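J.: Structure below; questions to follow.
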Amino acid sequence: QVQLVESGGGLVQPGGSLRLSCVASGSVGFSIYDMAWYRQVPGKQRELVAGISGGGRTNYAASVKGRFTVSRDNAKNTVYLQMSGLKPEDTATYYCFTKRVTRDYWGQGTQVTVSS
């Protein structure tokens, strides 16, 4: 049973930065599994923001490419999302995600609000 706990959200002004963290517990062999960050605003579908494979390959949504960086520290069972150049349209609840053969796992989410 994998548990994902996000942290690092908050209120930030446009142009500012935040770093989100997601710690995975109960995850044997964390380093081999793909991890991802999604975000969701009320009334809209959850969308993929960034992903990182077990081998460290990354992919990004077009809307965040060049502004966000996903990384992982396998020794700490943690994945990060460094967000810079934040815009009001980045306001959302951000979720950490991973999957195993039998099921998907989601964190509880952390709120990011970009506003002046």
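Ordered as shown in the structure tokens, chains take letters A, B, and onward, while each chain numbers its residues from 1 and ligands are numbered from 1 in the order shown.
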Which residues, written as an MDAnalysis selection string, have at least one atom at most 6 Å from Tyr38 in chain A, with only C-alpha atoms counted and residues fewer than 2 positions away on the same chain left out?

T.: chainID A and resid 47:49 94:95

J.: Using backbone DSSP assignments, extract all strand (DSSP E) residues from range 4-87 of chain A; output them as a ChimeraX atom specification.

T.: /A:4-7,10-12,18-25,35-40,47-52,58-60,68-73,78-83

J.: Step one, run DSSP on the backbone; step two, keep only residues of range 4-108 of chain A assigned to helix (DSSP H, G or I); then write them as a list in words.

T.: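 So, restricting range 4-108 of chain A to helix (DSSP H, G or I), we get Phe30, Ser31, Ile32, Asn74, Ala75, Lys76, Pro88, Glu89 and Asp90 of chain A.
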
J.: CA of Cys96 in chain A to CA of Ser27 in chain A: how many Å, to one decimal?

T.: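 These atoms are spaced 13.8 Å apart.
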
J.: Dump as CSV the rows for residues of range 36-89 of chain A within 8 Å of range 17-25 of chain A: closest atom pair and distance in Å with one decimal, only C-alpha atoms counted, ordered by chain and rising residue number.

T.:
residue,atom,partner,partner_atom,distance
A:Lys76,CA,A:Val23,CA,7.6
A:Asn77,CA,A:Ala24,CA,5.5
A:Thr78,CA,A:Val23,CA,4.5
A:Val79,CA,A:Cys22,CA,5.2
A:Tyr80,CA,A:Ser21,CA,4.6
A:Leu81,CA,A:Leu20,CA,5.0
A:Gln82,CA,A:Arg19,CA,4.4
A:Met83,CA,A:Leu18,CA,5.2
A:Ser84,CA,A:Ser17,CA,4.2
A:Gly85,CA,A:Ser17,CA,6.4
A:Leu86,CA,A:Ser17,CA,6.3

J.: Could you pull the residues within 8 Å of range 50-61 of chain A, counting only C-alpha atoms, minus those fewer than 6 positions along the same chain, as a list in words?

T.: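 These residues fall inside the cut-off: Ser31, Ile32, Tyr33, Asp34, Met35, Ala36, Trp37, Tyr38, Thr69, Val70, Ser71 and Arg72 of chain A.
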
J.: As an exercise, work out the distance from CA of Asp90 in chain A to CA of Val114 in chain A in Å and give it to one decimal place.

T.: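 Atom-to-atom, CA of Asp90 in chain A to CA of Val114 in chain A, that is 6.7 Å.
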